[in-house]
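Raw contents of protein.cif, mmCIF, C-alpha atoms:
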```
data_start
loop_
_atom_site.label_atom_id
_atom_site.label_comp_id
_atom_site.auth_asym_id
_atom_site.auth_seq_id
_atom_site.Cartn_x
_atom_site.Cartn_y
_atom_site.Cartn_z
CA MET K 1 -13.23 -12.43 6.25
CA LYS K 2 -11.65 -12.44 9.68
CA LEU K 3 -8.72 -14.84 9.88
CA ILE K 4 -7.38 -16.37 13.08
CA ARG K 5 -4.68 -18.82 14.08
CA TYR K 6 -5.04 -20.74 17.30
CA GLY K 7 -3.58 -23.41 19.54
CA GLN K 8 -0.36 -23.85 21.46
CA PRO K 9 3.05 -23.06 19.92
CA GLY K 10 4.14 -25.96 17.79
CA SER K 11 0.60 -27.05 16.95
CA ILE K 12 -1.02 -23.96 15.47
CA LYS K 13 -4.17 -24.37 13.40
CA THR K 14 -6.05 -21.90 11.21
CA GLY K 15 -9.57 -20.60 11.48
CA VAL K 16 -12.01 -17.83 10.61
CA ILE K 17 -14.60 -15.82 12.47
CA ILE K 18 -18.09 -15.78 10.95
CA ASP K 19 -20.87 -13.87 12.75
CA ASP K 20 -18.71 -13.73 15.89
CA VAL K 21 -18.26 -17.53 15.93
CA LYS K 22 -14.81 -19.09 15.45
CA TYR K 23 -14.56 -21.94 12.94
CA ASP K 24 -11.65 -24.27 12.20
CA THR K 25 -10.20 -24.16 8.67
CA SER K 26 -7.28 -26.55 9.20
CA GLY K 27 -8.85 -28.79 6.54
CA PHE K 28 -7.89 -26.10 4.03
CA GLY K 29 -4.37 -27.39 4.50
CA GLU K 30 -2.40 -24.14 4.52
CA ASP K 31 -1.08 -21.73 7.10
CA TYR K 32 -1.64 -18.00 6.71
CA ASN K 33 1.91 -17.32 5.57
CA GLU K 34 3.82 -15.74 2.69
CA GLN K 35 2.96 -18.53 0.26
CA PHE K 36 -0.74 -18.35 1.21
CA PHE K 37 -1.00 -14.63 0.43
CA GLU K 38 1.25 -14.88 -2.63
CA THR K 39 -0.94 -17.55 -4.28
CA ASP K 40 -4.30 -15.77 -3.92
CA GLY K 41 -4.96 -17.63 -0.69
CA LEU K 42 -7.70 -15.29 0.49
CA ALA K 43 -9.84 -16.07 -2.57
CA ARG K 44 -9.13 -19.79 -2.30
CA LEU K 45 -9.94 -19.77 1.40
CA ALA K 46 -13.23 -17.96 0.74
CA LYS K 47 -14.19 -20.67 -1.75
CA TYR K 48 -13.20 -23.41 0.70
CA ILE K 49 -15.41 -21.85 3.37
CA GLN K 50 -18.31 -21.50 0.98
CA ASP K 51 -17.98 -25.14 -0.13
CA ASN K 52 -17.66 -26.44 3.44
CA LYS K 53 -19.68 -23.95 5.50
CA ASP K 54 -22.01 -26.61 6.88
CA SER K 55 -19.21 -28.88 8.10
CA LEU K 56 -16.68 -26.49 9.64
CA GLY K 57 -16.01 -27.32 13.28
CA LYS K 58 -16.41 -24.64 15.92
CA ILE K 59 -13.43 -23.45 17.96
CA SER K 60 -13.81 -23.05 21.71
CA ASN K 61 -13.41 -19.54 23.06
CA GLU K 62 -11.01 -21.09 25.59
CA GLU K 63 -8.45 -21.80 22.87
CA ARG K 64 -5.35 -19.62 22.84
CA LEU K 65 -5.13 -17.26 19.86
CA ASP K 66 -1.82 -16.93 18.05
CA SER K 67 -0.78 -14.14 15.71
CA PRO K 68 -3.26 -14.24 12.78
CA VAL K 69 -0.30 -14.11 10.38
CA ALA K 70 2.38 -16.80 10.45
CA ARG K 71 5.82 -15.36 11.09
CA PRO K 72 6.27 -12.67 8.41
CA SER K 73 9.56 -11.91 6.72
CA LYS K 74 9.41 -8.36 8.11
CA ILE K 75 7.61 -6.39 10.81
CA LEU K 76 8.08 -2.76 9.82
CA CYS K 77 6.95 0.19 11.90
CA ILE K 78 6.39 3.86 11.22
CA GLY K 79 7.55 6.11 14.04
CA LEU K 80 6.09 9.47 15.06
CA ASN K 81 3.13 9.23 12.66
CA TYR K 82 0.79 11.24 14.91
CA ALA K 83 1.69 14.87 15.65
CA ASP K 84 0.40 14.62 19.25
CA HIS K 85 2.69 11.65 19.92
CA ALA K 86 5.71 13.42 18.43
CA LYS K 87 4.97 16.42 20.66
CA GLU K 88 4.65 14.38 23.87
CA THR K 89 8.00 12.70 23.26
CA GLY K 90 9.75 15.96 22.48
CA ALA K 91 10.48 14.89 18.90
CA THR K 92 10.27 17.03 15.80
CA VAL K 93 7.33 16.18 13.53
CA PRO K 94 8.97 14.23 10.69
CA THR K 95 8.97 15.45 7.10
CA GLU K 96 9.30 11.86 5.84
CA PRO K 97 8.10 8.61 7.45
CA VAL K 98 10.42 7.24 10.13
CA ILE K 99 11.02 3.52 9.51
CA PHE K 100 12.25 0.95 12.00
CA MET K 101 11.93 -2.81 12.35
CA LYS K 102 10.82 -5.26 14.99
CA SER K 103 12.35 -8.71 14.92
CA SER K 104 10.18 -11.58 13.71
CA THR K 105 10.91 -13.28 17.06
CA SER K 106 9.04 -10.48 18.84
CA LEU K 107 5.75 -11.72 17.35
CA SER K 108 3.26 -13.15 19.83
CA GLY K 109 -0.41 -13.91 20.28
CA PRO K 110 -2.85 -11.11 21.11
CA ASN K 111 -3.42 -12.25 24.69
CA ASP K 112 -0.01 -13.70 25.50
CA ASN K 113 2.07 -12.31 28.35
CA ILE K 114 4.48 -9.46 27.70
CA VAL K 115 7.88 -10.35 29.11
CA ILE K 116 9.65 -7.32 30.55
CA PRO K 117 13.26 -7.81 29.42
CA ARG K 118 16.16 -8.42 31.74
CA ASP K 119 17.50 -5.09 33.09
CA SER K 120 14.53 -3.17 31.70
CA LEU K 121 13.23 -0.16 33.62
CA LYS K 122 11.30 1.57 30.82
CA THR K 123 9.01 -0.89 29.02
CA ASP K 124 6.19 1.03 27.33
CA TRP K 125 3.03 0.50 25.28
CA GLU K 126 1.78 1.72 21.86
CA VAL K 127 -1.57 0.80 20.29
CA GLU K 128 -1.27 0.75 16.50
CA LEU K 129 -3.11 -0.13 13.30
CA ALA K 130 -1.05 -2.60 11.29
CA ILE K 131 -1.31 -3.38 7.58
CA VAL K 132 -0.73 -6.88 6.20
CA ILE K 133 0.72 -6.92 2.69
CA GLY K 134 -1.05 -9.17 0.18
CA LYS K 135 1.36 -9.29 -2.75
CA LYS K 136 4.98 -8.52 -3.57
CA ALA K 137 5.52 -4.76 -3.64
CA SER K 138 8.49 -2.80 -4.93
CA TYR K 139 8.51 0.83 -6.08
CA VAL K 140 4.75 1.05 -5.70
CA GLU K 141 2.98 4.18 -6.88
CA GLU K 142 0.90 5.87 -4.19
CA GLY K 143 -2.26 5.68 -6.30
CA GLU K 144 -1.95 1.89 -6.50
CA ALA K 145 -0.67 1.25 -2.96
CA MET K 146 -3.93 0.03 -1.43
CA ASP K 147 -4.11 -2.73 -4.04
CA TYR K 148 -1.24 -4.36 -2.16
CA VAL K 149 -3.10 -4.58 1.16
CA ALA K 150 -4.51 -7.95 2.25
CA GLY K 151 -5.99 -6.65 5.48
CA TYR K 152 -5.57 -4.99 8.85
CA VAL K 153 -4.76 -6.09 12.37
CA LEU K 154 -4.46 -4.69 15.90
CA HIS K 155 -0.87 -4.35 17.15
CA ASN K 156 0.75 -3.35 20.45
CA ASP K 157 4.15 -1.95 19.53
CA VAL K 158 5.74 -2.67 22.92
CA SER K 159 8.93 -0.65 23.40
CA GLU K 160 11.81 -0.49 25.88
CA ARG K 161 12.62 3.22 25.92
CA ALA K 162 16.07 3.04 27.53
CA PHE K 163 17.17 0.40 25.01
CA GLN K 164 15.57 2.44 22.20
CA LEU K 165 16.76 5.94 23.03
CA GLU K 166 19.58 5.83 25.57
CA ARG K 167 21.87 3.10 24.30
CA GLY K 168 23.05 4.70 21.03
CA GLY K 169 22.42 3.59 17.47
CA THR K 170 19.00 2.88 16.03
CA TRP K 171 15.63 2.30 17.71
CA ASP K 172 15.47 -1.36 16.76
CA LYS K 173 17.02 -2.83 19.89
CA GLY K 174 14.28 -1.30 22.03
CA LYS K 175 11.58 -2.68 19.78
CA GLY K 176 12.41 -6.28 18.94
CA CYS K 177 12.51 -8.03 22.32
CA ASP K 178 10.61 -11.31 22.71
CA THR K 179 6.82 -10.79 23.05
CA PHE K 180 7.07 -7.12 21.95
CA ALA K 181 4.69 -7.55 18.99
CA PRO K 182 1.32 -8.95 20.15
CA LEU K 183 -0.75 -9.14 16.95
CA GLY K 184 -4.46 -9.82 16.65
CA PRO K 185 -6.98 -11.15 17.68
CA PHE K 186 -7.75 -11.48 13.95
CA LEU K 187 -6.78 -10.24 10.52
CA ALA K 188 -9.68 -8.38 8.93
CA THR K 189 -9.52 -8.50 5.15
CA LYS K 190 -9.49 -5.15 3.37
CA ASP K 191 -13.20 -5.27 2.55
CA GLU K 192 -14.07 -5.50 6.27
CA ILE K 193 -12.73 -1.99 7.00
CA ALA K 194 -14.50 0.73 5.01
CA ASP K 195 -12.24 3.62 6.02
CA PRO K 196 -8.90 2.76 7.67
CA ASP K 197 -8.15 6.49 7.94
CA ASN K 198 -11.01 7.00 10.38
CA LEU K 199 -10.69 4.37 13.10
CA ARG K 200 -10.71 4.93 16.85
CA LEU K 201 -7.88 3.23 18.69
CA TRP K 202 -7.45 3.06 22.45
CA LEU K 203 -5.36 1.47 25.19
CA LYS K 204 -5.80 1.01 28.94
CA VAL K 205 -3.32 0.01 31.64
CA ASN K 206 -4.85 -1.56 34.75
CA GLY K 207 -8.23 -0.23 33.65
CA GLN K 208 -7.10 3.38 33.21
CA THR K 209 -7.37 4.84 29.70
CA MET K 210 -3.96 5.97 28.49
CA GLN K 211 -4.47 6.32 24.74
CA ASP K 212 -7.65 7.35 22.91
CA GLY K 213 -7.01 8.51 19.38
CA THR K 214 -8.06 8.18 15.77
CA THR K 215 -6.27 7.24 12.57
CA ALA K 216 -7.80 10.40 11.07
CA ASN K 217 -4.77 12.10 12.67
CA PHE K 218 -2.13 10.23 10.68
CA ILE K 219 0.66 12.53 9.48
CA PHE K 220 1.35 10.10 6.63
CA LYS K 221 -1.70 8.27 5.24
CA LEU K 222 -1.58 4.56 4.42
CA PRO K 223 -1.05 4.83 0.64
CA HIS K 224 1.92 7.13 1.20
CA VAL K 225 3.38 4.84 3.86
CA ILE K 226 3.17 1.74 1.65
CA SER K 227 4.58 3.53 -1.39
CA TYR K 228 7.35 5.14 0.64
CA VAL K 229 8.52 1.94 2.32
CA SER K 230 8.50 0.10 -1.02
CA GLN K 231 11.09 2.56 -2.36
CA PHE K 232 13.65 1.17 0.08
CA MET K 233 12.86 -2.54 0.31
CA THR K 234 10.68 -5.16 -1.33
CA LEU K 235 7.58 -5.97 0.68
CA LEU K 236 6.65 -9.63 0.60
CA PRO K 237 3.18 -11.15 1.02
CA GLY K 238 2.39 -11.44 4.71
CA ASP K 239 4.73 -8.63 5.74
CA VAL K 240 3.38 -6.33 8.45
CA ILE K 241 3.59 -2.53 8.50
CA SER K 242 2.57 -0.94 11.80
CA THR K 243 1.50 2.63 11.22
CA GLY K 244 2.28 4.55 14.41
CA THR K 245 0.66 5.40 17.72
CA PRO K 246 -1.29 8.39 19.07
CA ALA K 247 -0.43 10.31 22.24
CA GLY K 248 -0.63 8.64 25.63
CA VAL K 249 2.43 6.41 25.79
CA GLY K 250 4.14 5.96 29.13
CA MET K 251 7.19 8.06 28.32
CA GLY K 252 4.93 10.99 27.45
CA PHE K 253 3.63 11.46 31.00
CA ASN K 254 5.31 13.69 33.58
CA PRO K 255 6.60 11.81 35.46
CA SER K 256 6.85 8.95 32.96
CA ILE K 257 4.92 5.74 33.63
CA TYR K 258 6.40 2.39 32.70
CA LEU K 259 5.14 -1.18 32.82
CA LYS K 260 5.91 -3.52 35.69
CA PRO K 261 5.16 -7.19 36.38
CA GLY K 262 1.45 -7.71 37.03
CA ASP K 263 0.27 -4.78 34.92
CA VAL K 264 -2.56 -5.58 32.50
CA ILE K 265 -2.81 -3.84 29.13
CA GLU K 266 -6.06 -3.79 27.15
CA LEU K 267 -6.29 -2.28 23.68
CA GLY K 268 -8.55 -2.15 20.66
CA ILE K 269 -9.35 -0.60 17.29
CA ASP K 270 -12.74 -0.15 15.65
CA GLY K 271 -13.50 -3.25 13.57
CA LEU K 272 -10.34 -5.07 14.64
CA GLY K 273 -11.33 -6.37 18.05
CA THR K 274 -9.50 -6.14 21.33
CA SER K 275 -6.55 -7.81 23.01
CA SER K 276 -5.16 -8.05 26.53
CA GLN K 277 -1.66 -8.73 27.79
CA THR K 278 -0.30 -9.23 31.31
CA CYS K 279 3.25 -8.16 32.04
CA VAL K 280 5.63 -10.66 33.63
CA ALA K 281 9.26 -10.43 34.66
CA TRP K 282 11.94 -12.05 32.51
CA SER K 283 13.32 -15.33 33.81
CA LYS K 284 15.59 -18.02 32.45
#
```
Represent the structure contained in this file as structure tokens.
Amino acid sequence: MKLIRYGQPGSIKTGVIIDDVKYDTSGFGEDYNEQFFETDGLARLAKYIQDNKDSLGKISNEERLDSPVARPSKILCIGLNYADHAKETGATVPTEPVIFMKSSTSLSGPNDNIVIPRDSLKTDWEVELAIVIGKKASYVEEGEAMDYVAGYVLHNDVSERAFQLERGGTWDKGKGCDTFAPLGPFLATKDEIADPDNLRLWLKVNGQTMQDGTTANFIFKLPHVISYVSQFMTLLPGDVISTGTPAGVGMGFNPSIYLKPGDVIELGIDGLGTSSQTCVAWSK
């Protein structure tokens, strides 16, 4: 299945995509949140769709898409998970996964504007494959790790490099600004993606290709990432793990290229659709 959430903030409804057509599932009566995933919601939703397939209302393509997952308890990210990206940033290739967090308030719809923060001069882009966790996970063995995956989703790990790297402390404050986690357009359930370790992912700024990579180049594969993270914290259903970005981020160019108001970012991953965000200046 391909799950979507749509509508304006404060009145979000749920839906699915079937044969490239969007259908409303608000009659199912549940949001796509922690409780939904925890209580075998994907199987129950599939049955609801099967029982009501002839009466589901269509959703207009003009409707705004929200994040396909309701606000998760955690948005975790893996840094420097492609050797070419580590090289372009001047970082040492890690011997263990680098973990950082984005705030849940950074979550936004796949085509919402990116707000360049106040006093920002170095807002950057990162196309990433994100995992959505399907059940509670703690101290997971690597051989069983994929059993904990509900699905996959496209993510732009927007980053403010000065906040991240020049202000001391951890990376988190350059990662969690409002609108810095556009997610979607849809969540593809695990069975929709045959080989998540062999997906092309790309990103353009103002029509120019900046990133064009493949998840075949992961330093740390998905089972290792899930198992590793679960050694340090409990993953809850609906949690998101973003798995790193390939080369081509703005800070990797010489001279560096950073986002400014009016810039348009387009990105996509095989099987996970595309998204587009326009950058706007922060205002009160």
List every protein, DNA or RNA residue that has at least one atom no more than 8 Å from (-7.9, -11.8, 22.9) in the file's coordinates, counting all atoms listed in the file, and write the result as a PyMOL selection string.
chain K and resi 65+110-111+184-185+274-276
Counting all atoms listed in the file, which residues come within 8 Å of (-4.9, -20.3, 1.6), with the point read in the file's coordinates, and could you list them as a PDB file with C-alpha atoms, keeping the file's coordinate frame?
```pdb
ATOM      1  CA  PHE K  28      -7.890 -26.100   4.030  1.00  0.00           C
ATOM      2  CA  GLY K  29      -4.370 -27.390   4.500  1.00  0.00           C
ATOM      3  CA  GLU K  30      -2.400 -24.140   4.520  1.00  0.00           C
ATOM      4  CA  ASP K  31      -1.080 -21.730   7.100  1.00  0.00           C
ATOM      5  CA  TYR K  32      -1.640 -18.000   6.710  1.00  0.00           C
ATOM      6  CA  PHE K  36      -0.740 -18.350   1.210  1.00  0.00           C
ATOM      7  CA  PHE K  37      -1.000 -14.630   0.430  1.00  0.00           C
ATOM      8  CA  THR K  39      -0.940 -17.550  -4.280  1.00  0.00           C
ATOM      9  CA  ASP K  40      -4.300 -15.770  -3.920  1.00  0.00           C
ATOM     10  CA  GLY K  41      -4.960 -17.630  -0.690  1.00  0.00           C
ATOM     11  CA  LEU K  42      -7.700 -15.290   0.490  1.00  0.00           C
ATOM     12  CA  ALA K  43      -9.840 -16.070  -2.570  1.00  0.00           C
ATOM     13  CA  ARG K  44      -9.130 -19.790  -2.300  1.00  0.00           C
ATOM     14  CA  LEU K  45      -9.940 -19.770   1.400  1.00  0.00           C
TER      15      LEU K  45
END
```
What is the atom CA of Ile133 of chain K-atom CA of Val16 of chain K distance in Å, reported with one decimal?
18.5 Å
Any idea what the distance is between atom CA of Glu160 of chain K and atom CA of Val115 of chain K?
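Atom-to-atom, atom CA of Glu160 of chain K and atom CA of Val115 of chain K are spaced 11.1 Å apart.
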Quick one: distance from atom CA of Val98 of chain K to atom CA of Ala86 of chain K in Å, one decimal?
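That distance, rounded to one decimal, is 11.4 Å.
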To test your reading of the syntax: which residues would the PyMOL selection byres ((chain K and resi 206) around 10) return for the file shown? Reply as an MDAnalysis selection string.
chainID K and resid 204:205 207:210 262:266 278
Selected residue of minimal separation from Met251 of chain K among K:Asp66, K:Glu34, K:Asp20, K:Glu88, counting all atoms listed in the file
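Checking each candidate against Met251 of chain K, we get K:Glu88 as the closest.
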Explicit residue set for the PyMOL selection byres ((chain K and resi 107) around 12), as a PyMOL selection string:
chain K and resi 9+66-76+101-106+108-114+155-158+175-184+240
Take the PyMOL selection byres ((chain K and resi 140) around 9), apply it to the structure above, and return the hits as a PyMOL selection string.
chain K and resi 137-139+141-145+148+226-231
Have a look at K:Thr189, K:Thr234, K:Thr25, K:Thr89 and name the one nearest to Gly248 of chain K; count all atoms listed in the file.
K:Thr89
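Minimum atom-to-atom distance to Ile17 of chain K, evaluated using only C-alpha atoms, belongs to K:Leu187 out of K:Leu187, K:Leu199, K:Val127, K:Ala216.
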Name the residues in contact with Leu222 of chain K at a cut-off of 9 Å, using all atoms listed in the file, excluding same-chain residues fewer than 2 positions from it; report them as an NGL selection string.
:K and (131 or 145-146 or 196-197 or 218 or 220 or 224-227 or 243)
For each of K:Ala162, K:Leu267, K:Leu236, K:Val153, take the minimum atom-to-atom distance to Leu203 of chain K, counting all atoms listed in the file, then give the residue where this is smallest.
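Smallest separation from Leu203 of chain K among the options: K:Leu267.
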